[in-house]
Structure formats: structure tokens, C-alpha cells
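The file model15.txt contains compact mmCIF, C-alpha atoms:
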# COMPACT_ATOMS: atom_id res chain seq x y z
CA MET Z 55 0.00 0.00 0.00
CA LEU Z 56 2.86 2.36 0.84
CA ALA Z 57 4.44 1.69 -2.55
CA GLN Z 58 1.10 2.47 -4.24
CA ILE Z 59 0.82 5.74 -2.32
CA VAL Z 60 4.34 6.77 -3.33
CA ASN Z 61 3.62 5.92 -6.96
CA LEU Z 62 0.30 7.78 -6.89
CA VAL Z 63 1.89 10.95 -5.50
CA ALA Z 64 4.73 10.77 -8.03
CA GLN Z 65 2.28 10.43 -10.93
CA ALA Z 66 0.25 13.40 -9.73
CA GLN Z 67 3.33 15.58 -9.34
CA ARG Z 68 4.28 14.87 -12.96
CA SER Z 69 0.79 15.58 -14.32
CA ARG Z 70 -0.40 18.82 -15.91
CA ALA Z 71 -3.29 20.93 -14.71
CA PRO Z 72 -5.66 22.24 -17.43
CA ILE Z 73 -4.66 25.79 -16.49
CA GLN Z 74 -1.17 24.90 -17.76
CA ALA Z 75 -2.68 24.94 -21.26
CA LEU Z 76 -3.35 28.66 -20.78
CA ALA Z 77 0.27 29.25 -19.82
CA ASP Z 78 1.42 27.23 -22.84
CA LYS Z 79 -0.86 29.21 -25.15
CA VAL Z 80 0.39 32.52 -23.78
CA ALA Z 81 3.99 31.33 -24.12
CA GLY Z 82 3.26 30.37 -27.72
CA TRP Z 83 2.47 34.02 -28.48
CA PHE Z 84 4.87 35.52 -25.97
CA VAL Z 85 8.13 34.04 -27.30
CA PRO Z 86 7.69 35.21 -30.93
CA ALA Z 87 6.60 38.63 -29.62
CA VAL Z 88 9.76 38.94 -27.50
CA LEU Z 89 11.93 37.95 -30.46
CA ALA Z 90 10.22 40.63 -32.55
CA ILE Z 91 10.70 43.23 -29.78
CA ALA Z 92 14.40 42.29 -29.56
CA VAL Z 93 14.79 42.77 -33.34
CA LEU Z 94 12.97 46.12 -33.19
CA THR Z 95 15.14 47.19 -30.25
CA PHE Z 96 18.28 46.35 -32.20
CA ALA Z 97 17.00 48.23 -35.25
CA ALA Z 98 15.92 51.29 -33.23
CA TRP Z 99 19.29 51.62 -31.53
CA MET Z 100 21.09 51.15 -34.83
CA VAL Z 101 19.06 53.96 -36.38
CA TRP Z 102 18.60 56.47 -33.54
CA GLY Z 103 21.04 55.38 -30.88
CA PRO Z 104 24.28 57.20 -29.95
CA GLU Z 105 27.71 55.89 -30.82
CA PRO Z 106 28.86 53.17 -30.56
CA ARG Z 107 25.49 52.22 -32.03
CA LEU Z 108 26.28 48.56 -32.66
CA ALA Z 109 27.38 48.01 -29.05
CA PHE Z 110 24.24 49.69 -27.68
CA ALA Z 111 22.00 47.79 -30.12
CA ILE Z 112 23.46 44.37 -29.26
CA THR Z 113 23.52 45.05 -25.49
CA ASN Z 114 19.90 46.20 -25.32
CA ALA Z 115 18.57 43.49 -27.66
CA VAL Z 116 20.31 40.83 -25.55
CA ALA Z 117 18.93 42.43 -22.34
CA VAL Z 118 15.39 42.15 -23.79
CA LEU Z 119 15.90 38.47 -24.60
CA ILE Z 120 17.35 37.67 -21.19
CA ILE Z 121 14.82 39.47 -19.02
CA ALA Z 122 11.93 38.07 -21.06
CA CYS Z 123 13.07 34.46 -20.78
CA PRO Z 124 9.84 32.70 -19.63
CA CYS Z 125 11.45 30.34 -17.11
CA ALA Z 126 9.04 31.41 -14.37
CA LEU Z 127 6.12 30.83 -16.71
CA GLY Z 128 7.14 27.21 -17.09
CA LEU Z 129 7.56 26.81 -13.32
CA ALA Z 130 4.32 28.50 -12.27
CA THR Z 131 1.98 25.50 -12.49
CA PRO Z 132 4.29 22.49 -11.94
CA MET Z 133 5.79 23.96 -8.75
CA SER Z 134 2.38 24.53 -7.17
CA VAL Z 135 1.20 21.06 -8.23
CA MET Z 136 4.31 19.37 -6.86
CA VAL Z 137 4.20 21.12 -3.49
CA GLY Z 138 0.41 20.94 -3.16
CA VAL Z 139 0.21 17.22 -3.94
CA GLY Z 140 2.92 16.58 -1.37
CA ARG Z 141 1.02 18.62 1.19
CA GLY Z 142 -2.12 16.63 0.42
CA ALA Z 143 -0.27 13.35 0.98
CA GLN Z 144 0.84 14.61 4.41
CA ILE Z 145 -2.79 15.00 5.50
CA GLY Z 146 -4.03 11.77 3.93
CA VAL Z 147 -5.43 13.23 0.69
CA LEU Z 148 -3.92 11.39 -2.30
CA ILE Z 149 -4.43 13.24 -5.59
CA ARG Z 150 -4.14 11.17 -8.77
CA ASN Z 151 -3.71 14.02 -11.26
CA ALA Z 152 -3.56 17.78 -11.51
CA GLU Z 153 -6.92 17.98 -13.30
CA ALA Z 154 -8.57 16.76 -10.08
CA ILE Z 155 -7.05 19.74 -8.27
CA GLU Z 156 -8.66 22.22 -10.62
CA ASN Z 157 -12.04 20.46 -10.39
CA LEU Z 158 -11.83 20.35 -6.59
CA ALA Z 159 -11.37 24.11 -6.55
CA LYS Z 160 -14.54 24.61 -8.62
CA LEU Z 161 -16.61 21.87 -6.95
CA ASP Z 162 -20.18 22.95 -6.11
CA THR Z 163 -22.03 19.61 -5.81
CA LEU Z 164 -21.00 16.46 -3.96
CA ALA Z 165 -22.88 13.17 -4.34
CA VAL Z 166 -22.13 10.75 -1.51
CA ASP Z 167 -22.79 7.08 -0.95
CA LYS Z 168 -24.20 6.19 2.48
CA THR Z 169 -22.62 2.92 3.60
CA GLY Z 170 -18.92 3.27 4.32
CA THR Z 171 -18.88 6.97 3.38
CA LEU Z 172 -21.35 8.66 5.71
CA THR Z 173 -21.47 5.61 7.96
CA GLU Z 174 -18.69 3.48 9.41
CA GLY Z 175 -19.24 0.74 6.86
CA LYS Z 176 -19.11 -1.91 9.59
CA PRO Z 177 -22.75 -2.98 9.92
CA LYS Z 178 -23.86 -5.16 12.82
CA LEU Z 179 -26.89 -7.40 13.08
CA ALA Z 180 -29.37 -5.76 15.45
CA GLN Z 181 -32.41 -8.05 15.46
CA VAL Z 182 -33.74 -11.28 14.00
CA LEU Z 183 -37.51 -11.01 13.42
CA PRO Z 184 -39.10 -14.30 12.29
CA VAL Z 185 -42.74 -14.55 11.23
CA SER Z 186 -45.11 -17.18 12.55
CA GLY Z 187 -43.95 -20.69 11.67
CA PHE Z 188 -40.22 -19.91 11.85
CA ASP Z 189 -37.92 -19.45 14.83
CA GLU Z 190 -35.08 -16.98 15.31
CA LYS Z 191 -32.29 -19.59 15.45
CA GLU Z 192 -33.45 -21.35 12.28
CA LEU Z 193 -33.80 -18.06 10.37
CA LEU Z 194 -30.31 -16.83 11.28
CA HIS Z 195 -28.70 -20.22 10.64
CA LEU Z 196 -30.08 -20.52 7.10
CA ALA Z 197 -29.47 -16.87 6.25
CA ALA Z 198 -25.86 -16.90 7.48
CA SER Z 199 -25.10 -20.16 5.69
CA LEU Z 200 -26.29 -18.68 2.38
CA GLU Z 201 -24.57 -15.32 2.93
CA GLN Z 202 -21.16 -17.07 3.08
CA GLY Z 203 -21.10 -16.82 -0.70
CA SER Z 204 -21.64 -13.05 -0.69
CA GLU Z 205 -19.08 -10.26 -0.32
CA HIS Z 206 -21.63 -7.62 0.71
CA PRO Z 207 -20.93 -5.82 4.04
CA LEU Z 208 -24.44 -6.72 5.23
CA ALA Z 209 -23.69 -10.39 4.57
CA ASN Z 210 -20.62 -10.14 6.78
CA ALA Z 211 -22.77 -8.73 9.59
CA VAL Z 212 -25.16 -11.69 9.37
CA ILE Z 213 -22.33 -14.24 9.31
CA ALA Z 214 -20.54 -12.58 12.25
CA ALA Z 215 -23.75 -12.65 14.33
CA ALA Z 216 -24.28 -16.35 13.61
CA ARG Z 217 -20.73 -17.15 14.65
CA GLU Z 218 -21.08 -15.12 17.83
CA ARG Z 219 -24.09 -17.31 18.69
CA GLN Z 220 -22.05 -20.39 17.78
CA LEU Z 221 -24.47 -21.53 15.10
CA PRO Z 222 -22.96 -24.12 12.74
CA LEU Z 223 -22.88 -22.86 9.14
CA GLU Z 224 -23.45 -25.14 6.17
CA ALA Z 225 -22.28 -24.87 2.59
CA ALA Z 226 -24.87 -23.46 0.19
CA LYS Z 227 -25.58 -25.06 -3.17
CA ASP Z 228 -26.66 -23.35 -6.41
CA PHE Z 229 -25.60 -19.96 -5.03
CA GLN Z 230 -26.67 -16.98 -7.15
CA SER Z 231 -26.10 -13.28 -6.56
CA THR Z 232 -28.14 -10.51 -8.20
CA THR Z 233 -26.55 -7.06 -8.16
CA ALA Z 234 -28.62 -4.57 -6.14
CA GLY Z 235 -31.14 -7.36 -5.49
CA GLY Z 236 -30.11 -10.23 -3.28
CA VAL Z 237 -28.81 -13.78 -3.12
CA ALA Z 238 -30.39 -17.20 -3.57
CA GLY Z 239 -29.33 -20.76 -2.97
CA THR Z 240 -30.06 -24.07 -1.29
CA VAL Z 241 -29.07 -24.74 2.32
CA ALA Z 242 -29.70 -28.16 3.93
CA GLY Z 243 -32.03 -28.99 1.06
CA ARG Z 244 -34.16 -25.85 1.52
CA ARG Z 245 -34.41 -23.02 -1.00
CA VAL Z 246 -33.43 -19.72 0.64
CA LEU Z 247 -33.78 -16.16 -0.75
CA ILE Z 248 -32.29 -13.07 0.92
CA GLY Z 249 -32.51 -9.49 -0.29
CA LYS Z 250 -34.86 -6.64 -1.12
CA PRO Z 251 -38.65 -7.01 -1.37
CA ASP Z 252 -38.57 -6.65 -5.17
CA PHE Z 253 -36.03 -9.45 -5.40
CA LEU Z 254 -38.23 -11.80 -3.37
CA HIS Z 255 -41.32 -10.79 -5.33
CA LYS Z 256 -39.64 -11.51 -8.68
CA ASN Z 257 -38.77 -14.96 -7.38
CA GLY Z 258 -42.39 -15.76 -6.58
CA VAL Z 259 -42.44 -15.17 -2.81
CA ALA Z 260 -45.85 -14.25 -1.38
CA ASP Z 261 -46.78 -12.41 1.83
CA ILE Z 262 -43.98 -9.85 1.43
CA ALA Z 263 -46.30 -7.15 2.81
CA ALA Z 264 -46.14 -8.83 6.22
CA LEU Z 265 -42.34 -8.56 6.18
CA GLU Z 266 -42.47 -4.88 5.19
CA THR Z 267 -44.86 -4.17 8.07
CA LEU Z 268 -42.44 -5.93 10.41
CA ALA Z 269 -39.47 -3.92 9.08
CA THR Z 270 -41.04 -0.43 8.87
CA PRO Z 271 -40.51 0.77 12.48
CA HIS Z 272 -36.87 -0.33 12.39
CA GLN Z 273 -36.24 1.32 9.02
CA ALA Z 274 -37.73 4.55 10.36
CA GLU Z 275 -34.95 4.54 12.96
CA GLY Z 276 -32.26 4.19 10.29
CA ALA Z 277 -31.77 0.41 10.34
CA THR Z 278 -31.40 -1.59 7.13
CA ALA Z 279 -33.84 -4.50 6.70
CA ILE Z 280 -32.87 -7.75 5.00
CA PHE Z 281 -35.84 -9.85 3.87
CA VAL Z 282 -35.63 -13.65 4.04
CA ALA Z 283 -37.77 -16.28 2.32
CA ILE Z 284 -37.55 -20.03 2.82
CA GLU Z 285 -39.12 -22.51 0.40
CA GLY Z 286 -41.07 -19.73 -1.30
CA ARG Z 287 -42.57 -18.39 1.94
CA ALA Z 288 -41.81 -15.11 3.68
CA ALA Z 289 -39.78 -16.20 6.71
CA GLY Z 290 -38.62 -13.06 8.49
CA VAL Z 291 -36.53 -9.92 8.59
CA LEU Z 292 -32.96 -9.30 9.74
CA THR Z 293 -32.25 -5.69 10.80
CA VAL Z 294 -28.74 -4.31 10.49
CA THR Z 295 -27.43 -1.04 11.88
CA ASP Z 296 -24.45 0.90 10.59
CA PRO Z 297 -23.58 3.87 12.84
CA VAL Z 298 -22.88 7.25 11.27
CA LYS Z 299 -19.20 8.19 11.54
CA SER Z 300 -18.60 10.58 14.41
CA THR Z 301 -16.88 13.02 12.03
CA THR Z 302 -19.65 13.05 9.40
CA PRO Z 303 -21.93 15.80 10.88
CA ALA Z 304 -19.02 18.25 11.26
CA ALA Z 305 -17.75 17.44 7.76
CA LEU Z 306 -21.18 18.08 6.21
CA ALA Z 307 -21.46 21.39 8.06
CA GLU Z 308 -18.07 22.49 6.72
CA LEU Z 309 -19.03 21.45 3.19
CA ARG Z 310 -22.13 23.65 3.42
CA GLU Z 311 -19.93 26.55 4.60
CA LEU Z 312 -17.77 26.02 1.51
CA GLY Z 313 -20.87 26.36 -0.67
CA VAL Z 314 -20.96 22.68 -1.69
CA LYS Z 315 -24.38 21.04 -2.05
CA VAL Z 316 -24.46 17.46 -0.72
CA ILE Z 317 -26.70 14.79 -2.27
CA MET Z 318 -26.94 11.30 -0.75
CA LEU Z 319 -27.28 8.35 -3.14
CA THR Z 320 -27.90 4.97 -1.54
CA GLY Z 321 -29.11 1.55 -2.49
CA ASP Z 322 -30.95 1.33 0.83
CA ASN Z 323 -34.73 1.68 1.01
CA GLN Z 324 -36.60 4.99 1.20
CA ARG Z 325 -37.43 4.88 4.93
CA THR Z 326 -33.88 4.08 6.05
CA ALA Z 327 -32.39 6.68 3.70
CA GLU Z 328 -34.88 9.29 4.89
CA ALA Z 329 -34.01 8.62 8.54
CA VAL Z 330 -30.26 8.98 7.90
CA ALA Z 331 -30.71 12.08 5.71
CA HIS Z 332 -32.91 13.73 8.34
CA LYS Z 333 -30.40 12.94 11.08
CA LEU Z 334 -27.54 14.48 9.07
CA GLY Z 335 -29.48 17.44 7.68
CA ILE Z 336 -29.15 16.33 4.04
CA ALA Z 337 -31.97 17.94 2.08
CA GLU Z 338 -31.67 15.94 -1.15
CA PHE Z 339 -31.28 12.18 -1.38
CA GLN Z 340 -32.20 9.22 -3.56
CA ALA Z 341 -32.89 5.75 -2.18
CA GLY Z 342 -32.94 2.34 -3.82
CA VAL Z 343 -30.45 3.37 -6.49
CA THR Z 344 -28.39 0.89 -8.49
CA PRO Z 345 -24.80 1.49 -9.69
CA HIS Z 346 -26.33 2.48 -13.05
CA ASP Z 347 -28.64 4.97 -11.31
CA LYS Z 348 -25.73 6.58 -9.45
CA HIS Z 349 -23.82 6.92 -12.71
CA GLY Z 350 -26.89 8.45 -14.38
CA LYS Z 351 -27.44 10.94 -11.55
CA VAL Z 352 -23.86 12.17 -11.78
CA LYS Z 353 -24.18 12.56 -15.55
CA SER Z 354 -27.45 14.50 -15.22
CA LEU Z 355 -25.93 16.87 -12.65
CA LYS Z 356 -22.99 17.52 -14.96
CA ALA Z 357 -25.38 18.12 -17.87
CA ALA Z 358 -27.10 20.75 -15.73
CA GLY Z 359 -23.82 22.67 -15.54
CA ARG Z 360 -22.76 21.57 -12.06
CA ILE Z 361 -19.16 20.72 -11.15
CA VAL Z 362 -19.79 17.34 -9.55
CA GLY Z 363 -17.81 15.30 -7.08
CA MET Z 364 -18.72 11.74 -6.10
CA ALA Z 365 -17.61 10.14 -2.84
CA GLY Z 366 -17.89 6.40 -2.31
CA ASP Z 367 -16.05 3.29 -1.22
CA GLY Z 368 -17.58 0.28 -2.96
CA ILE Z 369 -17.54 -1.55 -6.26
CA ASN Z 370 -21.05 -0.23 -6.94
CA ASP Z 371 -19.73 3.35 -6.67
CA ALA Z 372 -16.98 2.88 -9.28
CA PRO Z 373 -19.02 3.93 -12.38
CA ALA Z 374 -20.20 7.14 -10.68
CA LEU Z 375 -16.68 7.87 -9.37
CA ALA Z 376 -15.31 7.60 -12.89
CA ALA Z 377 -18.12 9.74 -14.39
CA ALA Z 378 -17.80 12.61 -11.88
CA ASP Z 379 -15.66 15.68 -12.52
CA VAL Z 380 -13.69 14.48 -9.51
CA GLY Z 381 -14.20 11.13 -7.81
CA VAL Z 382 -13.29 10.79 -4.13
CA ALA Z 383 -12.69 7.25 -2.87
CA MET Z 384 -12.47 6.18 0.74
CA GLY Z 385 -9.11 4.51 1.37
CA THR Z 386 -10.91 2.02 3.58
CA GLY Z 387 -12.97 0.81 0.62
CA THR Z 388 -12.38 -1.36 -2.44
CA ASP Z 389 -9.43 -1.18 -4.84
CA ILE Z 390 -11.68 -0.60 -7.86
CA ALA Z 391 -13.22 2.47 -6.17
CA MET Z 392 -9.76 3.93 -5.56
CA GLU Z 393 -8.70 3.10 -9.12
CA SER Z 394 -11.78 4.92 -10.51
CA ALA Z 395 -11.35 8.07 -8.40
CA GLY Z 396 -9.15 11.13 -8.88
CA VAL Z 397 -8.74 11.59 -5.12
CA THR Z 398 -8.36 8.98 -2.37
CA LEU Z 399 -8.82 9.71 1.34
CA VAL Z 400 -6.43 7.38 3.17
CA THR Z 401 -8.40 7.30 6.41
CA GLY Z 402 -11.87 7.27 4.85
CA ASP Z 403 -12.79 10.31 6.94
CA LEU Z 404 -15.29 12.60 5.18
CA ARG Z 405 -13.46 15.62 6.59
CA GLY Z 406 -10.74 14.72 4.14
CA ILE Z 407 -13.01 15.99 1.35
CA VAL Z 408 -13.20 19.35 3.12
CA ARG Z 409 -9.39 19.42 3.32
CA ALA Z 410 -9.13 18.36 -0.33
CA ILE Z 411 -11.42 21.19 -1.49
CA ARG Z 412 -9.53 23.75 0.58
CA LEU Z 413 -6.25 22.40 -0.78
CA GLY Z 414 -7.53 22.57 -4.36
CA ARG Z 415 -8.70 26.16 -3.96
CA ALA Z 416 -5.42 27.17 -2.30
CA MET Z 417 -3.41 25.53 -5.08
CA MET Z 418 -5.36 27.30 -7.82
CA ARG Z 419 -4.88 30.65 -6.03
CA ASN Z 420 -1.18 29.86 -5.77
CA ILE Z 421 -0.93 29.00 -9.47
CA ARG Z 422 -2.62 32.29 -10.44
CA GLN Z 423 -0.25 34.20 -8.16
CA ASN Z 424 2.69 32.43 -9.77
CA LEU Z 425 1.47 33.32 -13.25
CA PHE Z 426 1.17 36.94 -12.13
CA PHE Z 427 4.73 36.92 -10.79
CA ALA Z 428 5.93 35.33 -14.03
CA PHE Z 429 4.31 38.00 -16.21
CA VAL Z 430 4.77 41.14 -14.12
CA TYR Z 431 8.57 40.97 -14.32
CA ASN Z 432 8.41 40.55 -18.08
CA ALA Z 433 5.77 43.24 -18.57
CA LEU Z 434 7.75 45.77 -16.54
CA GLY Z 435 11.23 44.61 -17.51
CA ILE Z 436 11.02 44.39 -21.30
CA PRO Z 437 10.44 48.14 -21.92
CA VAL Z 438 13.23 49.02 -19.49
CA ALA Z 439 15.58 46.53 -21.15
CA ALA Z 440 14.67 47.97 -24.55
CA GLY Z 441 15.85 51.40 -23.35
CA VAL Z 442 12.65 53.46 -23.00
CA LEU Z 443 14.11 55.24 -19.94
CA TYR Z 444 17.32 56.27 -21.71
CA PRO Z 445 15.96 59.44 -23.39
CA PHE Z 446 14.64 60.71 -20.02
CA PHE Z 447 17.10 59.48 -17.40
CA GLY Z 448 20.02 58.13 -19.40
CA ALA Z 449 19.42 54.73 -17.74
CA LEU Z 450 20.03 51.39 -19.44
CA LEU Z 451 19.55 47.87 -18.14
CA SER Z 452 22.69 45.79 -18.20
CA PRO Z 453 22.28 42.20 -19.45
CA ILE Z 454 23.80 41.13 -16.12
CA ILE Z 455 21.03 42.93 -14.19
CA ALA Z 456 18.48 41.57 -16.68
CA GLY Z 457 19.72 38.04 -15.92
CA ALA Z 458 19.37 38.65 -12.19
CA ALA Z 459 15.84 40.03 -12.65
CA MET Z 460 14.87 37.02 -14.77
CA SER Z 461 16.18 34.69 -12.08
CA LEU Z 462 14.35 36.67 -9.41
CA SER Z 463 11.03 35.96 -11.12
CA SER Z 464 11.74 32.24 -10.96
CA VAL Z 465 12.78 32.53 -7.32
CA SER Z 466 9.54 34.40 -6.58
CA VAL Z 467 7.46 31.63 -8.16
CA ILE Z 468 9.31 28.89 -6.27
CA ALA Z 469 9.11 30.73 -2.94
CA ASN Z 470 5.40 31.37 -3.41
CA ALA Z 471 4.72 27.72 -4.28
CA LEU Z 472 6.63 26.54 -1.21
CA ARG Z 473 4.17 28.45 0.98
CA LEU Z 474 1.72 25.60 0.33
CA ARG Z 475 3.83 23.37 2.59
CA ASN Z 476 2.59 25.30 5.61
CA LEU Z 477 -1.01 25.56 4.47
CA LYS Z 478 -3.52 25.25 7.31
CA LEU Z 479 -6.25 22.80 6.30

Mind turning the file's structure into C-alpha cells?
Amino acid sequence: MLAQIVNLVAQAQRSRAPIQALADKVAGWFVPAVLAIAVLTFAAWMVWGPEPRLAFAITNAVAVLIIACPCALGLATPMSVMVGVGRGAQIGVLIRNAEAIENLAKLDTLAVDKTGTLTEGKPKLAQVLPVSGFDEKELLHLAASLEQGSEHPLANAVIAAARERQLPLEAAKDFQSTTAGGVAGTVAGRRVLIGKPDFLHKNGVADIAALETLATPHQAEGATAIFVAIEGRAAGVLTVTDPVKSTTPAALAELRELGVKVIMLTGDNQRTAEAVAHKLGIAEFQAGVTPHDKHGKVKSLKAAGRIVGMAGDGINDAPALAAADVGVAMGTGTDIAMESAGVTLVTGDLRGIVRAIRLGRAMMRNIRQNLFFAFVYNALGIPVAAGVLYPFFGALLSPIIAGAAMSLSSVSVIANALRLRNLKL
């Protein structure tokens, strides 16, 4: 992991921010213009200059070329990117490329997954609620045995609870997993279905309404309900709780202060999502969304002219992370999420997004300051080097002084970029 972090930081420090294209475009016009000014300076001194004209013409033309050398222009963006990315790594914000920095600075909308992003991502089984005809031990035993084939965090919570109660788990046969639906299989010769109500309904399970009635009060308190059917009959509900991270409320408050609108996108049901959103003060949310839905929501926000960030930690978040202007992956999540995102938060703490946005805005300010320093020396120095002060004050700029001034502009850019090392985030 350490090697991956080092490689990620190195790649980002070598990348180019889109604003660099502006500097390149300006340099494309600036260099020919300076050459033309140097030629005109030489010609003017040859025609109107005092004796020795040739010496004055060569000296002043060379001074123009030296002081206008755009070294600082080439350093303005890369220096800020290099220092800023390093500063981000110090605080646990890994930036994949310089484009992500620029998008972070302009970010105005952040879509967030619930499980593992707003919450701890370590769900625990709260209650086992069997319906008439089934007992609690039987329900948990069959559900946990089937869930052994699943990699979903909720499955892990069910399995862990069964092991805590020392229930023997059996191998499931004919295991099938449906994305954003549920799992099915045969345990001890009995057909078991676990998942969302729609999943059970599509598989011919009746009496699902009774399970939903059983689950409603728990969902209203923010718990996630897992519906279980055995041999085609509704068997019961397993409720799972996933506590909100202690840092999440403060992080959301800071995001609002930064002018970033937060939208929660979750595959959980409407009642659970509503309870969590209300608790955290999130005004806009969507429940029951699939990975495709998350991707579509991000695309629609971008189409509306928003600069969109997406924060998530799971495989199901990867398409939306890749589609967003800047994807933010929790370092505690899956590898594919981190691979799809432009920014990774090592600790998985949502406050890292706040730090990342502040860092991005500070870096863009720093780049603009550097570009100003790079141009102001040239804008002021070229006329002086060309000799415009000579008729009034008899003053000329020596090529030696011009070289020092050119170097000073580069030093100014470097010193300004290094200020990012001490940035308070």
C-alpha cells in the first residue's frame, strides 16, 4: 500500500493541470513577440542610438531576450502542483492528477454514498424477526449459511452474528447473486432467498407485505432491513445497523460553509435513507439506487452545468466515481473504487473531502499568483531593457542585471509555491 501511495503521488506531481494549457498558449504568443521586440530594439538603436550604435543595439537586444526568458512561466503551475500534492499526501489526501485539483477548486455539488462513506461501513446485526412458523435460530442459521457466498458488508454482519451465537454454518448449493437485489441458494435442502422485497417478489415469494410491516418501524430509525424467504414463503426480517461516523456531521457542516451542495445516493430503502438524511441534515437524497442509477445521476448533474464530485467506497460506486468531474474514494474501501477516483482519502474520513477542497482552492490561487509573478517581471522589464528610460534618465539595463531580474522571477514563483507546505487545512 505504501508503494502504491508513493507511486500515486509521483504520478500526480508529474501531471499537468488544465490551467497549464493557458500558460502554454500565452507562451506560444509571448516568445515570438519577444523575439520581434528584440529585433525592433536592435534596429531602433542602430538607427537612432548614440555611438557606438552597434554596441548599444546588441547590449539592449540581448537584455530584452534575457529578461523576457519565460522560465518562471514554465515553473508557475508544476511547482504549485508538486508542493500541493505533497502537502495533500501529508494530510491523507492522495491526488491522482492535476486535473482533479482544478475540479476540486470549482466543486459545487457532492454526491455521496451512504454505507462506508457517511457511515462506518461496519454494519452489525441488530435483530432477528421471524414470522409465525419460523424461529429466530433457524432463520439466522439458514441466512448466514447462504450469505457465506456473498461479499456484501451486510452479509458479513449476518455471518458474524451467527458465529457469535455459535451456530454451525453449512455450505450453500446453487448460489446466485443478483446485483442490487439479493442472493439465492439451497441450504440443507431448503431453497433460501435473501434481499430486497422486489427481489423476493420476482422470485415468486408471497406475503412480502407482512415482512415490510415488520421492518417499517426499524427502518424509520435508520436500520437496514434484509428480507428472508424459505421454500417460497416469507420467513422473516434481519435488521442491520451501521452507525454514522462521528466526524460526518461536522464534515457536512463544513461542506455547506464552503458552498458545496451534498446529495446522498444509496441503495438502501426509502425509509432508512430518509431517517439517515434527516439525522444528518441532508436535504436531497435518492434511495434504492443501483450502480447504473448513481452513474446516471452524476451525468445528469454535470449536464445541468454543475461541477460534480462523487464520494464512495464500494464496487457499486466505481461507475459514478469515474463519471464525476472528480471522484473521491475512501481509502478504507475497495481497490476498484480507488482506481476509478481522482482523489483517495487514506483514512476514509469525510473531513478529508473538506481538506481536499480547501487544498484545491489554495493551489489554484497559488498557481494564479505564480502566473502573475511570471508576467509582471516581463511586462515591466522588457520596456526598461529595450531602453525606453534612456531618453529621459540616461538609464540602461545591463544584461547582467536583466539576468538577475529574470532569475528573481523564478525565485519568486518557487518561494510562493513553497508556501503551500505550511497551508492550514

When distances are computed from only C-alpha atoms, which of Z:Ala305, Z:Ala198, Z:Ala165, Z:Leu472 shows the smallest separation from Z:Ala378?
->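 Among the listed residues, the smallest separation from Z:Ala378 belongs to Z:Ala165.
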
Each stretch 290-382 of chain Z residue no farther than 12 Å from stretch 401-406 of chain Z, nearest pair in Å, all atoms listed in the file, as a tab-separated table:
residue	atom	partner	partner_atom	distance
Z:Val298	CA	Z:Leu404	CA	11.1
Z:Lys299	CA	Z:Asp403	CA	8.2
Z:Ser300	CA	Z:Asp403	CA	9.5
Z:Thr301	CA	Z:Arg405	CA	6.9
Z:Thr302	CA	Z:Leu404	CA	6.1
Z:Pro303	CA	Z:Leu404	CA	9.3
Z:Ala304	CA	Z:Arg405	CA	7.7
Z:Ala305	CA	Z:Arg405	CA	4.8
Z:Leu306	CA	Z:Leu404	CA	8.1
Z:Ala307	CA	Z:Arg405	CA	10.0
Z:Glu308	CA	Z:Arg405	CA	8.3
Z:Leu309	CA	Z:Arg405	CA	8.8
Z:Val316	CA	Z:Leu404	CA	11.9
Z:Met364	CA	Z:Leu404	CA	11.8
Z:Ala365	CA	Z:Leu404	CA	8.7
Z:Gly366	CA	Z:Gly402	CA	9.4
Z:Asp367	CA	Z:Gly402	CA	8.4
Z:Gly368	CA	Z:Gly402	CA	11.9
Z:Val382	CA	Z:Gly406	CA	9.5

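Minimum atom-to-atom distances from Z:Gly82, Z:Gly396, Z:Gly175, Z:Gly236 to Z:Gly128 were compared using only C-alpha atoms, and the lowest value belongs to Z:Gly82.
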
Between Z:Gln230, Z:Leu194, Z:Arg141, Z:Thr398, which one has atoms that come closest to Z:Arg217, using only C-alpha atoms?
-> Z:Leu194

Check the smallest atom-to-atom distance from each of Z:Leu334, Z:Ala433, Z:Ala226, Z:Leu477 to Z:Arg409 using only C-alpha atoms, then report the winner.
->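 Smallest distance to Z:Arg409 is found for Z:Leu477.
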
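For Z:Ile248, the set of protein, DNA and RNA residues having any atom at most 10 Å away, when counting only C-alpha atoms and skipping those fewer than 6 positions along the same chain, is Leu196, Ala197, Ala198, Leu200, Glu201, Ala209, Ser231, Gly235, Gly236, Val237, Ala238, Gly239, Leu254, Ile280, Phe281, Val282, Ala283, Ile284, Ala289, Gly290, Val291 and Leu292 of chain Z.
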
Could you check which of Z:Ser199, Z:Gln181, Z:Thr320, Z:Gln340 is closest to Z:Ala242, using only C-alpha atoms?
->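 Smallest separation from Z:Ala242 among the options: Z:Ser199.
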
Between atom CA of Z:Val314 and atom CA of Z:Thr326, distance in Å (one decimal) |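 Atom CA of Z:Thr326 lies 23.9 Å from atom CA of Z:Val314.
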
Would you list the contacts of stretch 135-137 of chain Z as a list in words, taking every protein, DNA or RNA residue within 7 Å and counting all atoms listed in the file, but skipping same-chain residues closer than 4 positions in sequence?
-> Gln67, Thr131, Arg141, Ala152, Ala471, Leu472, Leu474 and Arg475 of chain Z

note - atom CA of Z:Ala159 and atom CA of Z:Pro72 are separated by 12.4 Å

If you measure from atom CA of Z:Thr293 to atom CA of Z:Ala329, what distance in Å do you get, rounded to one decimal?
-> 14.6 Å

To box stretch 399-414 of chain Z, take all atoms listed in the file, fit an axis-aligned box, add 8 Å on each side, and give centre and edge lengths in Å to one decimal, as JSON.
{"center_x": -10.8, "center_y": 15.5, "center_z": 1.3, "size_x": 25.0, "size_y": 32.5, "size_z": 27.3}

Counting all atoms listed in the file, select every polymer residue within 6 Å of (-28.3, -26.6, -3.7) as defined in the file's coordinates, and provide the selection as a PyMOL selection string.
-> chain Z and resi 227-228+239-240

Reconstructed N, CA, C and O atoms for stretch 176-182 of chain Z, given as a short mmCIF file (atom, residue, chain, number, x, y, z; two decimals), in the coordinates of the input:
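The resulting file, part.cif, is shown below:
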data_model
loop_
_atom_site.label_atom_id
_atom_site.label_comp_id
_atom_site.auth_asym_id
_atom_site.auth_seq_id
_atom_site.Cartn_x
_atom_site.Cartn_y
_atom_site.Cartn_z
N LYS Z 176 -19.29 -0.67 8.83
CA LYS Z 176 -19.11 -1.91 9.59
C LYS Z 176 -20.45 -2.28 10.24
O LYS Z 176 -20.63 -2.16 11.45
N PRO Z 177 -21.41 -2.69 9.41
CA PRO Z 177 -22.75 -2.98 9.92
C PRO Z 177 -22.76 -4.15 10.90
O PRO Z 177 -21.95 -5.08 10.79
N LYS Z 178 -23.68 -4.10 11.83
CA LYS Z 178 -23.86 -5.16 12.82
C LYS Z 178 -25.32 -5.58 12.85
O LYS Z 178 -26.22 -4.75 12.75
N LEU Z 179 -25.53 -6.88 13.01
CA LEU Z 179 -26.89 -7.40 13.08
C LEU Z 179 -27.53 -6.92 14.39
O LEU Z 179 -26.97 -7.12 15.47
N ALA Z 180 -28.69 -6.29 14.26
CA ALA Z 180 -29.37 -5.76 15.45
C ALA Z 180 -30.44 -6.72 15.95
O ALA Z 180 -30.49 -7.06 17.13
N GLN Z 181 -31.31 -7.18 15.04
CA GLN Z 181 -32.41 -8.05 15.46
C GLN Z 181 -32.73 -9.10 14.40
O GLN Z 181 -32.53 -8.87 13.20
N VAL Z 182 -33.23 -10.23 14.88
CA VAL Z 182 -33.74 -11.28 14.00
C VAL Z 182 -35.24 -11.38 14.27
O VAL Z 182 -35.67 -11.67 15.39
#
